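Undergrad: Here you go, work-v9.pdb (PDB, C-alpha atoms):
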```
ATOM      1  CA  MET A   1     249.159 101.371 167.142
ATOM      2  CA  THR A   2     249.628 104.249 164.686
ATOM      3  CA  LEU A   3     247.261 102.334 162.427
ATOM      4  CA  ILE A   4     244.408 102.749 164.812
ATOM      5  CA  ARG A   5     245.148 106.368 165.595
ATOM      6  CA  GLN A   6     245.171 107.236 161.901
ATOM      7  CA  GLU A   7     241.689 105.847 161.587
ATOM      8  CA  GLU A   8     240.329 108.097 164.304
ATOM      9  CA  LYS A   9     237.573 110.447 163.271
ATOM     10  CA  GLY A  10     234.577 111.654 165.166
ATOM     11  CA  THR A  11     233.624 111.509 168.803
ATOM     12  CA  VAL A  12     230.620 110.225 170.724
ATOM     13  CA  LYS A  13     229.118 113.724 170.457
ATOM     14  CA  PHE A  14     229.525 113.710 166.679
ATOM     15  CA  TYR A  15     227.790 110.337 166.300
ATOM     16  CA  LEU A  16     225.108 111.242 168.816
ATOM     17  CA  LEU A  17     224.313 114.346 166.764
ATOM     18  CA  GLY A  18     224.003 112.200 163.624
ATOM     19  CA  PHE A  19     221.778 109.738 165.468
ATOM     20  CA  ILE A  20     219.488 112.477 166.854
ATOM     21  CA  LEU A  21     219.218 114.062 163.395
ATOM     22  CA  CYS A  22     218.198 110.696 161.895
ATOM     23  CA  ILE A  23     215.570 110.115 164.588
ATOM     24  CA  ALA A  24     214.205 113.650 164.121
ATOM     25  CA  LEU A  25     213.987 113.260 160.333
ATOM     26  CA  THR A  26     212.259 109.872 160.668
ATOM     27  CA  LEU A  27     209.727 111.195 163.170
ATOM     28  CA  ALA A  28     209.095 114.302 161.044
ATOM     29  CA  ALA A  29     208.290 112.128 158.007
ATOM     30  CA  TYR A  30     206.147 109.822 160.138
ATOM     31  CA  PHE A  31     204.048 112.617 161.660
ATOM     32  CA  LEU A  32     203.635 114.363 158.303
ATOM     33  CA  VAL A  33     201.886 111.210 157.094
ATOM     34  CA  ALA A  34     200.220 109.992 160.306
ATOM     35  CA  LYS A  35     198.701 113.375 161.236
ATOM     36  CA  GLU A  36     197.933 114.236 157.599
ATOM     37  CA  LEU A  37     199.594 117.636 157.943
ATOM     38  CA  LEU A  38     200.055 118.021 154.193
ATOM     39  CA  SER A  39     198.157 116.591 151.268
ATOM     40  CA  GLY A  40     198.546 115.351 147.723
ATOM     41  CA  MET A  41     201.825 115.758 145.922
ATOM     42  CA  THR A  42     203.301 118.048 148.607
ATOM     43  CA  VAL A  43     203.472 115.294 151.223
ATOM     44  CA  ILE A  44     205.087 112.824 148.778
ATOM     45  CA  LEU A  45     207.760 115.358 147.878
ATOM     46  CA  ALA A  46     208.219 116.289 151.550
ATOM     47  CA  ILE A  47     208.791 112.720 152.789
ATOM     48  CA  LEU A  48     211.033 111.891 149.819
ATOM     49  CA  GLY A  49     213.006 115.067 150.582
ATOM     50  CA  LEU A  50     213.319 114.068 154.253
ATOM     51  CA  GLY A  51     214.513 110.610 153.108
ATOM     52  CA  VAL A  52     217.204 112.126 150.896
ATOM     53  CA  ILE A  53     218.328 114.464 153.707
ATOM     54  CA  GLN A  54     218.583 111.460 156.002
ATOM     55  CA  LEU A  55     220.647 109.649 153.349
ATOM     56  CA  ALA A  56     223.067 112.603 153.355
ATOM     57  CA  VAL A  57     223.175 112.698 157.175
ATOM     58  CA  GLN A  58     223.951 108.983 157.393
ATOM     59  CA  LEU A  59     226.607 109.177 154.683
ATOM     60  CA  ILE A  60     228.343 112.127 156.352
ATOM     61  CA  PHE A  61     228.007 111.147 160.014
ATOM     62  CA  PHE A  62     228.247 107.360 159.894
ATOM     63  CA  MET A  63     230.040 106.488 156.668
ATOM     64  CA  HIS A  64     232.317 109.562 156.494
ATOM     65  CA  LEU A  65     231.799 109.996 152.776
ATOM     66  CA  GLY A  66     233.992 112.822 151.521
ATOM     67  CA  SER A  67     236.439 112.690 154.442
ATOM     68  CA  GLU A  68     238.063 109.287 153.882
ATOM     69  CA  TYR A  69     241.737 108.921 154.679
ATOM     70  CA  ALA A  70     242.148 112.683 154.802
ATOM     71  CA  ASP A  71     244.625 112.543 157.690
ATOM     72  CA  GLY A  72     247.477 114.672 156.468
ATOM     73  CA  ARG A  73     247.678 112.996 153.086
ATOM     74  CA  PRO A  74     246.024 113.833 149.774
ATOM     75  CA  LYS A  75     242.396 112.788 149.806
ATOM     76  CA  HIS A  76     241.233 109.804 147.824
ATOM     77  CA  HIS A  77     238.219 110.740 145.782
ATOM     78  CA  TRP A  78     237.491 107.248 144.506
ATOM     79  CA  ASN A  79     234.729 106.466 146.979
ATOM     80  CA  MET A  80     232.946 109.664 146.019
ATOM     81  CA  LEU A  81     233.431 108.947 142.307
ATOM     82  CA  VAL A  82     231.955 105.430 142.583
ATOM     83  CA  PHE A  83     229.111 106.834 144.664
ATOM     84  CA  PHE A  84     228.116 109.428 142.062
ATOM     85  CA  PHE A  85     228.444 106.888 139.259
ATOM     86  CA  MET A  86     226.086 104.610 141.220
ATOM     87  CA  ILE A  87     223.616 107.485 141.662
ATOM     88  CA  MET A  88     223.697 108.120 137.911
ATOM     89  CA  VAL A  89     223.056 104.441 137.042
ATOM     90  CA  LEU A  90     220.359 104.294 139.718
ATOM     91  CA  VAL A  91     218.543 107.365 138.402
ATOM     92  CA  ILE A  92     218.644 106.020 134.837
ATOM     93  CA  ILE A  93     217.351 102.579 135.910
ATOM     94  CA  VAL A  94     214.634 103.776 138.299
ATOM     95  CA  PHE A  95     213.294 106.797 136.423
ATOM     96  CA  GLY A  96     213.802 105.103 133.054
ATOM     97  CA  SER A  97     211.784 102.066 134.170
ATOM     98  CA  LEU A  98     209.027 104.187 135.680
ATOM     99  CA  TRP A  99     208.791 106.366 132.595
ATOM    100  CA  ILE A 100     208.598 103.366 130.233
ATOM    101  CA  MET A 101     206.108 101.440 132.366
ATOM    102  CA  TYR A 102     203.738 104.368 132.963
ATOM    103  CA  ASN A 103     203.922 105.298 129.319
ATOM    104  CA  LEU A 104     203.049 101.714 128.321
ATOM    105  CA  ASN A 105     200.289 101.651 130.887
ATOM    106  CA  TYR A 106     198.879 104.861 129.456
ATOM    107  CA  ARG A 107     199.038 103.676 125.841
ATOM    108  CA  GLU A 108     197.724 100.178 126.478
ATOM    109  CA  MET A 109     194.815 101.105 128.672
ATOM    110  CA  PRO A 110     192.566  98.047 129.008
ATOM    111  CA  PRO A 111     189.034  98.418 127.550
ATOM    112  CA  MET A 112     187.405  98.341 130.997
ATOM    113  CA  ASP A 113     189.357 101.406 132.122
ATOM    114  CA  MET A 114     188.520 103.205 128.879
ATOM    115  CA  SER A 115     184.781 102.833 129.406
ATOM    116  CA  GLU A 116     185.226 104.127 132.955
ATOM    117  CA  GLN A 117     187.078 107.123 131.592
ATOM    118  CA  MET A 118     184.314 107.783 129.052
ATOM    119  CA  GLU A 119     181.593 107.623 131.681
ATOM    120  CA  LYS A 120     183.415 110.397 133.504
TER     121      LYS A 120
ATOM    122  CA  MET B   1     264.184  97.635 162.761
ATOM    123  CA  THR B   2     261.995 100.726 162.939
ATOM    124  CA  LYS B   3     262.256 101.111 159.165
ATOM    125  CA  HIS B   4     261.124  97.520 158.690
ATOM    126  CA  LEU B   5     258.125  98.069 160.970
ATOM    127  CA  SER B   6     257.044 101.215 159.198
ATOM    128  CA  VAL B   7     257.239  99.427 155.834
ATOM    129  CA  GLN B   8     255.040  96.690 157.252
ATOM    130  CA  GLU B   9     252.609  99.235 158.682
ATOM    131  CA  HIS B  10     252.561 101.048 155.386
ATOM    132  CA  HIS B  11     251.715  97.792 153.651
ATOM    133  CA  LEU B  12     248.915  97.075 156.129
ATOM    134  CA  GLU B  13     247.480 100.560 155.705
ATOM    135  CA  GLU B  14     247.554 100.226 151.932
ATOM    136  CA  THR B  15     245.748  96.868 152.091
ATOM    137  CA  ARG B  16     243.187  98.371 154.437
ATOM    138  CA  VAL B  17     242.457 101.310 152.133
ATOM    139  CA  LYS B  18     242.136  98.974 149.137
ATOM    140  CA  THR B  19     239.876  96.546 150.984
ATOM    141  CA  ILE B  20     237.576  99.311 152.151
ATOM    142  CA  PHE B  21     237.396 100.800 148.673
ATOM    143  CA  GLY B  22     236.595  97.346 147.226
ATOM    144  CA  PHE B  23     233.896  96.807 149.805
ATOM    145  CA  TRP B  24     232.472 100.262 149.151
ATOM    146  CA  SER B  25     232.267  99.382 145.425
ATOM    147  CA  TYR B  26     230.368  96.207 146.307
ATOM    148  CA  LEU B  27     227.907  98.247 148.375
ATOM    149  CA  MET B  28     227.342 100.586 145.435
ATOM    150  CA  THR B  29     226.470  97.661 143.154
ATOM    151  CA  ASP B  30     224.139  96.375 145.865
ATOM    152  CA  CYS B  31     222.443  99.794 145.782
ATOM    153  CA  ILE B  32     221.704  99.201 142.104
ATOM    154  CA  LEU B  33     220.161  95.806 142.956
ATOM    155  CA  PHE B  34     217.881  97.506 145.469
ATOM    156  CA  GLY B  35     217.172 100.287 142.956
ATOM    157  CA  THR B  36     215.805  97.776 140.449
ATOM    158  CA  LEU B  37     213.643  96.181 143.170
ATOM    159  CA  PHE B  38     212.336  99.630 144.167
ATOM    160  CA  ALA B  39     211.490 100.364 140.526
ATOM    161  CA  THR B  40     209.642  97.019 140.280
ATOM    162  CA  TYR B  41     207.711  97.732 143.468
ATOM    163  CA  ILE B  42     206.714 101.248 142.391
ATOM    164  CA  VAL B  43     205.517  99.982 139.003
ATOM    165  CA  LEU B  44     203.521  97.128 140.563
ATOM    166  CA  HIS B  45     202.204  98.809 143.711
ATOM    167  CA  THR B  46     198.803  99.681 142.205
ATOM    168  CA  ASN B  47     198.275  96.179 140.761
ATOM    169  CA  THR B  48     196.456  94.637 143.717
ATOM    170  CA  PHE B  49     194.325  92.310 141.542
ATOM    171  CA  GLY B  50     191.248  92.992 143.649
ATOM    172  CA  GLY B  51     193.145  92.204 146.853
ATOM    173  CA  PRO B  52     194.112  94.531 149.693
ATOM    174  CA  GLY B  53     196.508  97.429 149.044
ATOM    175  CA  ALA B  54     199.298  98.926 151.135
ATOM    176  CA  LYS B  55     196.871 101.087 153.120
ATOM    177  CA  GLU B  56     194.877  98.111 154.409
ATOM    178  CA  LEU B  57     197.836  95.813 155.050
ATOM    179  CA  PHE B  58     200.569  97.854 156.721
ATOM    180  CA  SER B  59     200.602  99.401 160.159
ATOM    181  CA  LEU B  60     202.526 102.693 160.383
ATOM    182  CA  PRO B  61     203.453 102.537 164.112
ATOM    183  CA  PHE B  62     204.781  99.006 163.537
ATOM    184  CA  ALA B  63     206.982 100.181 160.653
ATOM    185  CA  LEU B  64     208.136 103.181 162.717
ATOM    186  CA  THR B  65     209.214 100.851 165.547
ATOM    187  CA  GLU B  66     211.189  98.736 163.066
ATOM    188  CA  THR B  67     212.836 101.893 161.713
ATOM    189  CA  LEU B  68     213.796 103.181 165.171
ATOM    190  CA  ILE B  69     215.237  99.767 166.126
ATOM    191  CA  LEU B  70     217.374  99.681 162.992
ATOM    192  CA  LEU B  71     218.498 103.305 163.463
ATOM    193  CA  THR B  72     219.535 102.577 167.046
ATOM    194  CA  SER B  73     221.419  99.464 165.944
ATOM    195  CA  SER B  74     223.256 101.594 163.390
ATOM    196  CA  PHE B  75     224.244 103.985 166.192
ATOM    197  CA  THR B  76     225.434 101.246 168.587
ATOM    198  CA  CYS B  77     227.404  99.801 165.671
ATOM    199  CA  THR B  78     229.197 103.148 165.310
ATOM    200  CA  LEU B  79     229.973 103.215 169.033
ATOM    201  CA  SER B  80     231.906  99.963 168.564
ATOM    202  CA  LYS B  81     234.173 101.907 166.225
ATOM    203  CA  LEU B  82     235.105 104.403 168.959
ATOM    204  CA  ALA B  83     235.859 101.456 171.260
ATOM    205  CA  ALA B  84     238.023  99.947 168.516
ATOM    206  CA  TYR B  85     240.125 103.161 168.334
ATOM    207  CA  ARG B  86     240.805 102.876 172.048
ATOM    208  CA  ASN B  87     241.705  99.202 171.488
ATOM    209  CA  ASP B  88     238.998  98.317 174.013
ATOM    210  CA  LYS B  89     238.171  94.725 173.097
ATOM    211  CA  ASN B  90     235.369  94.276 175.639
ATOM    212  CA  LYS B  91     233.542  97.435 174.575
ATOM    213  CA  VAL B  92     233.782  96.388 170.899
ATOM    214  CA  ILE B  93     232.209  93.046 171.762
ATOM    215  CA  LEU B  94     229.587  94.710 173.954
ATOM    216  CA  TRP B  95     228.462  97.199 171.266
ATOM    217  CA  PHE B  96     228.385  94.518 168.601
ATOM    218  CA  ALA B  97     226.321  92.344 170.936
ATOM    219  CA  VAL B  98     223.816  95.205 171.375
ATOM    220  CA  THR B  99     223.741  95.741 167.591
ATOM    221  CA  PHE B 100     223.216  92.012 167.105
ATOM    222  CA  LEU B 101     220.276  91.892 169.533
ATOM    223  CA  LEU B 102     218.636  94.929 167.905
ATOM    224  CA  GLY B 103     219.148  93.282 164.507
ATOM    225  CA  VAL B 104     217.511  90.097 165.787
ATOM    226  CA  ALA B 105     214.586  92.155 167.151
ATOM    227  CA  PHE B 106     214.198  93.823 163.757
ATOM    228  CA  ILE B 107     214.258  90.576 161.788
ATOM    229  CA  ALA B 108     211.833  88.977 164.276
ATOM    230  CA  MET B 109     209.360  91.850 163.738
ATOM    231  CA  GLU B 110     209.714  91.536 159.985
ATOM    232  CA  LEU B 111     209.183  87.760 160.003
ATOM    233  CA  ASN B 112     206.191  88.265 162.272
ATOM    234  CA  GLU B 113     204.717  90.734 159.758
ATOM    235  CA  PHE B 114     205.407  88.344 156.872
ATOM    236  CA  SER B 115     203.832  85.361 158.641
ATOM    237  CA  HIS B 116     200.707  87.394 159.448
ATOM    238  CA  LEU B 117     200.400  88.465 155.815
ATOM    239  CA  VAL B 118     200.837  84.895 154.534
ATOM    240  CA  HIS B 119     198.490  83.533 157.187
ATOM    241  CA  ASP B 120     195.759  85.965 156.085
ATOM    242  CA  GLY B 121     196.103  84.763 152.502
ATOM    243  CA  ASN B 122     198.097  87.813 151.389
ATOM    244  CA  SER B 123     201.269  86.022 150.317
ATOM    245  CA  TRP B 124     203.450  86.940 147.316
ATOM    246  CA  ARG B 125     201.093  84.869 145.136
ATOM    247  CA  ARG B 126     198.124  87.146 145.873
ATOM    248  CA  SER B 127     198.949  90.062 143.557
ATOM    249  CA  GLY B 128     201.679  91.879 141.655
ATOM    250  CA  PHE B 129     201.818  94.440 144.445
ATOM    251  CA  LEU B 130     202.525  91.781 147.094
ATOM    252  CA  THR B 131     205.119  90.078 144.862
ATOM    253  CA  GLY B 132     206.958  93.396 144.620
ATOM    254  CA  PHE B 133     206.615  93.983 148.359
ATOM    255  CA  PHE B 134     207.910  90.559 149.419
ATOM    256  CA  THR B 135     210.808  90.704 146.946
ATOM    257  CA  LEU B 136     211.944  94.168 148.048
ATOM    258  CA  VAL B 137     211.479  93.832 151.808
ATOM    259  CA  GLY B 138     212.504  90.148 151.769
ATOM    260  CA  THR B 139     215.792  90.941 150.003
ATOM    261  CA  HIS B 140     216.521  93.563 152.655
ATOM    262  CA  GLY B 141     215.664  91.059 155.401
ATOM    263  CA  LEU B 142     217.985  88.514 153.800
ATOM    264  CA  HIS B 143     220.799  91.086 153.858
ATOM    265  CA  ILE B 144     220.099  91.778 157.542
ATOM    266  CA  SER B 145     220.209  88.044 158.312
ATOM    267  CA  THR B 146     223.525  87.756 156.442
ATOM    268  CA  GLY B 147     224.832  90.714 158.446
ATOM    269  CA  LEU B 148     223.840  89.016 161.709
ATOM    270  CA  LEU B 149     225.607  85.799 160.669
ATOM    271  CA  TRP B 150     228.664  87.828 159.658
ATOM    272  CA  MET B 151     228.687  89.534 163.068
ATOM    273  CA  ILE B 152     228.860  86.163 164.827
ATOM    274  CA  ILE B 153     231.666  85.002 162.518
ATOM    275  CA  LEU B 154     233.742  88.164 163.098
ATOM    276  CA  ILE B 155     233.191  88.531 166.821
ATOM    277  CA  ILE B 156     234.323  84.993 167.768
ATOM    278  CA  PRO B 157     237.973  85.610 166.683
ATOM    279  CA  VAL B 158     237.936  89.003 168.463
ATOM    280  CA  PHE B 159     236.734  87.249 171.591
ATOM    281  CA  ARG B 160     239.497  84.635 171.366
ATOM    282  CA  HIS B 161     242.493  86.570 169.998
ATOM    283  CA  GLY B 162     241.658  90.238 170.647
ATOM    284  CA  LEU B 163     241.761  93.106 168.158
ATOM    285  CA  THR B 164     244.257  92.737 165.321
ATOM    286  CA  PRO B 165     244.710  94.979 162.247
ATOM    287  CA  VAL B 166     242.947  92.276 160.191
ATOM    288  CA  SER B 167     239.954  92.003 162.506
ATOM    289  CA  LEU B 168     239.678  95.812 162.693
ATOM    290  CA  LYS B 169     239.581  95.964 158.899
ATOM    291  CA  ARG B 170     236.882  93.291 158.739
ATOM    292  CA  LEU B 171     234.822  95.013 161.414
ATOM    293  CA  THR B 172     235.022  98.274 159.434
ATOM    294  CA  CYS B 173     233.552  96.493 156.397
ATOM    295  CA  LEU B 174     230.804  95.002 158.538
ATOM    296  CA  ARG B 175     229.932  98.445 159.938
ATOM    297  CA  MET B 176     229.733  99.875 156.409
ATOM    298  CA  PHE B 177     227.418  96.998 155.442
ATOM    299  CA  TRP B 178     225.199  97.653 158.457
ATOM    300  CA  HIS B 179     224.919 101.415 157.794
ATOM    301  CA  PHE B 180     224.161 100.654 154.160
ATOM    302  CA  LEU B 181     221.262  98.394 155.177
ATOM    303  CA  ASP B 182     219.946 101.152 157.435
ATOM    304  CA  ILE B 183     220.004 103.600 154.517
ATOM    305  CA  VAL B 184     218.137 101.129 152.283
ATOM    306  CA  TRP B 185     215.559 100.659 155.038
ATOM    307  CA  ILE B 186     214.971 104.432 155.249
ATOM    308  CA  PHE B 187     213.825 104.309 151.642
ATOM    309  CA  ILE B 188     211.701 101.193 152.216
ATOM    310  CA  PHE B 189     210.079 102.992 155.159
ATOM    311  CA  THR B 190     209.438 106.097 153.046
ATOM    312  CA  ILE B 191     208.334 104.491 149.787
ATOM    313  CA  VAL B 192     206.587 101.312 150.945
ATOM    314  CA  TYR B 193     205.149 102.228 154.349
ATOM    315  CA  LEU B 194     204.716 106.025 154.439
ATOM    316  CA  MET B 195     203.656 106.441 150.819
ATOM    317  CA  GLY B 196     201.527 103.293 151.115
ATOM    318  CA  ALA B 197     199.555 104.906 153.945
ATOM    319  CA  LEU B 198     198.669 108.003 151.922
TER     320      LEU B 198
END
```
Translate this structure into structure tokens?
TA:
Amino acid sequence: MTLIRQEEKGTVKFYLLGFILCIALTLAAYFLVAKELLSGMTVILAILGLGVIQLAVQLIFFMHLGSEYADGRPKHHWNMLVFFFMIMVLVIIVFGSLWIMYNLNYREMPPMDMSEQMEK
Amino acid sequence: MTKHLSVQEHHLEETRVKTIFGFWSYLMTDCILFGTLFATYIVLHTNTFGGPGAKELFSLPFALTETLILLTSSFTCTLSKLAAYRNDKNKVILWFAVTFLLGVAFIAMELNEFSHLVHDGNSWRRSGFLTGFFTLVGTHGLHISTGLLWMIILIIPVFRHGLTPVSLKRLTCLRMFWHFLDIVWIFIFTIVYLMGAL
């Protein structure tokens, strides 16, 4: 049974705190949009920020990132390493794609849009 | 005899750590899959081809309900872990059953939303925006359905033979998968539903 004991981390209180934090962050993002408390770019940045905070909360409280197998033995950092490598690839793919596509969109503006722009 | 046991336990622990690391690596590659689908959706989300956009099609309270259901299922899934530490077979089955029902509720809501969209003529063939939407949200729904199937497959042996080191290891992987899907959904909720309503 030592196997199971070694695995033990966290208590109901710990998980409940994580759960309440997630609910609070979700509701905060929802009401920011539903009640139109902020406008323009601010609200986009705010809800994206709340999403990233919730990502961190879930990783720490539910997936125990950063505290794996730390029971009395040297920590393994591999999970963390793979995670940050994934984030790097993800940022390159997502922001790279968006940059290229918006740039193309801007340079290859269809004639109809151009006339609209000129009228303005 | 004790030495032999500890060697065996050591071996089991090593296998467990390796399995979990391998599964974690799989989840990270799955993140990249979702990342590409998110990029596609963001690029296409203005291309409605004269059809309705996100603001007209999606209901915020509906999406919020889906989010809260999935969050709660993630929490009940974690509670099964605490039961597993106490070697409490019945509690493990109970919490996984609750997670399973919440997962079914979530997927039912999503299919309901999809069928309404298709019924109103707003299927994936309508516009680039809807293609991106159905691919992104549909891929997530497919993962959830796989997770539900996986839950059934893992819980039956627990029901029949109780908790073994192997079943505990498999349940840990399943929990990681479920939390991962919850995290992906948070971003779908933020980028597709909340930003769509702006």
Undergrad: Counting only C-alpha atoms, what are the residues of chain B within 8 Å of chain A, and for each of them which pair of atoms is the nearest and at what distance in Å, to one decimal? Sort the table by chain and rising number, as a tab-separated table.
TA:
```
residue	atom	partner	partner_atom	distance
B:Glu9	CA	A:Leu3	CA	7.2
B:Glu13	CA	A:Leu3	CA	7.0
B:Phe21	CA	A:Asn79	CA	6.5
B:Trp24	CA	A:Asn79	CA	6.9
B:Ser25	CA	A:Val82	CA	6.7
B:Met28	CA	A:Met86	CA	6.0
B:Thr29	CA	A:Met86	CA	7.2
B:Cys31	CA	A:Met86	CA	7.6
B:Ile32	CA	A:Leu90	CA	5.8
B:Gly35	CA	A:Leu90	CA	6.1
B:Thr36	CA	A:Val94	CA	6.5
B:Phe38	CA	A:Val94	CA	7.5
B:Ala39	CA	A:Val94	CA	5.1
B:Ile42	CA	A:Leu98	CA	7.7
B:Val43	CA	A:Leu98	CA	6.4
B:Leu60	CA	A:Ala34	CA	7.7
B:Leu64	CA	A:Tyr30	CA	7.4
B:Leu68	CA	A:Ile23	CA	7.2
B:Leu71	CA	A:Phe19	CA	7.5
B:Thr72	CA	A:Phe19	CA	7.7
B:Phe75	CA	A:Phe19	CA	6.3
B:Thr78	CA	A:Phe62	CA	6.9
B:Leu79	CA	A:Val12	CA	7.2
B:Leu82	CA	A:Thr11	CA	7.3
B:Ala84	CA	A:Ile4	CA	7.9
B:Tyr85	CA	A:Ile4	CA	5.6
B:Pro165	CA	A:Leu3	CA	7.8
B:Met176	CA	A:Met63	CA	6.6
B:His179	CA	A:Phe62	CA	7.1
B:Ile183	CA	A:Leu55	CA	6.2
B:Ile186	CA	A:Gly51	CA	6.6
B:Phe187	CA	A:Gly51	CA	6.5
B:Thr190	CA	A:Ile47	CA	6.7
B:Ile191	CA	A:Leu48	CA	7.9
B:Leu194	CA	A:Val33	CA	6.5
B:Met195	CA	A:Ile44	CA	6.9
B:Ala197	CA	A:Val33	CA	7.4
B:Leu198	CA	A:Val33	CA	6.9
```
Undergrad: Go ahead and compute the interatomic distance for atom CA of B:Arg170 and atom CA of B:Leu149, in Å to one decimal.
TA: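 So the two atoms, atom CA of B:Arg170 and atom CA of B:Leu149, lie 13.7 Å apart.
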Undergrad: Kindly provide, as a PDB file with C-alpha atoms, in the coordinates of the input, the polymer residues lying within 8 Å of (239.4, 87.6, 159.2), counting all atoms listed in the file and using the coordinates exactly as they appear in the file.
TA:
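Heads up, here's the output in point.pdb:
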```
ATOM      1  CA  LEU B 154     233.742  88.164 163.098  1.00  0.00           C
ATOM      2  CA  PRO B 157     237.973  85.610 166.683  1.00  0.00           C
ATOM      3  CA  VAL B 166     242.947  92.276 160.191  1.00  0.00           C
ATOM      4  CA  SER B 167     239.954  92.003 162.506  1.00  0.00           C
ATOM      5  CA  ARG B 170     236.882  93.291 158.739  1.00  0.00           C
TER       6      ARG B 170
END
```
Undergrad: So for stretch 16-25 of chain B, what box centre and size do we get, axis-aligned, 5 Å extra on each of the six sides, every listed atom, Å to one decimal, as JSON?
TA:
```
{"center_x": 237.7, "center_y": 98.9, "center_z": 149.9, "size_x": 20.9, "size_y": 14.8, "size_z": 19.0}
```
Undergrad: Do you have the atom CA of B:Leu111-atom CA of B:Thr76 distance handy?
TA: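 Atom-to-atom, atom CA of B:Leu111 and atom CA of B:Thr76 are spaced 22.8 Å apart.
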Undergrad: Of the candidates B:Leu117, B:Leu181, B:Val137, B:Met151, which shows the shortest atom-to-atom distance to B:Pro52, using only C-alpha atoms?
TA: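 Once distances to B:Pro52 are computed over only C-alpha atoms, the minimum belongs to B:Leu117.
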Undergrad: What does the structure give for the distance between atom CA of A:Arg107 and atom CA of B:Val192, in Å to one decimal?
TA: 26.3 Å
Undergrad: Taking 5 positions as the minimum chain separation for residues in the same chain, which residues sit within 9 Å of B:Lys169 when counting all atoms listed in the file? Answer as a list in words.
TA: Arg16, Thr19, Ile20, Thr164 and Leu174 of chain B
Undergrad: May I ask which of the residues B:Ile107, B:Ile153, B:Cys77, B:Leu136 is the closest one to B:Trp95, counting only C-alpha atoms?
TA: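 Comparing B:Ile107, B:Ile153, B:Cys77, B:Leu136 against B:Trp95, the winner is B:Cys77.
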Undergrad: Set the distance at 10 Å and use only C-alpha atoms: which residues neighbour stretch 121-128 of chain B once local chain neighbours fewer than 2 positions away are removed? I'd like the list as a PyMOL selection string.
TA: chain B and resi 40-41+43-53+57+114-119+130-135
Undergrad: Find, counting only C-alpha atoms, the residue in B:Phe62, B:Phe189, B:Phe96, B:Phe106 that gets nearest to B:Leu142.
TA: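 Looking at the shortest contact to B:Leu142, the residue is B:Phe106.
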Undergrad: Fewer than 4 positions away in the same chain doesn't count, so skip those; otherwise give me all residues within 8 Å of B:Leu27, counting only C-alpha atoms, as a PyMOL selection string.
TA: chain B and resi 23+31+177+180
Undergrad: Could you spell out the hits of the PyMOL selection byres ((chain B and resi 94) around 12) on the shown file, as a PyMOL selection string?
TA: chain B and resi 76-77+79-81+83-84+88-93+95-101+155+158-159
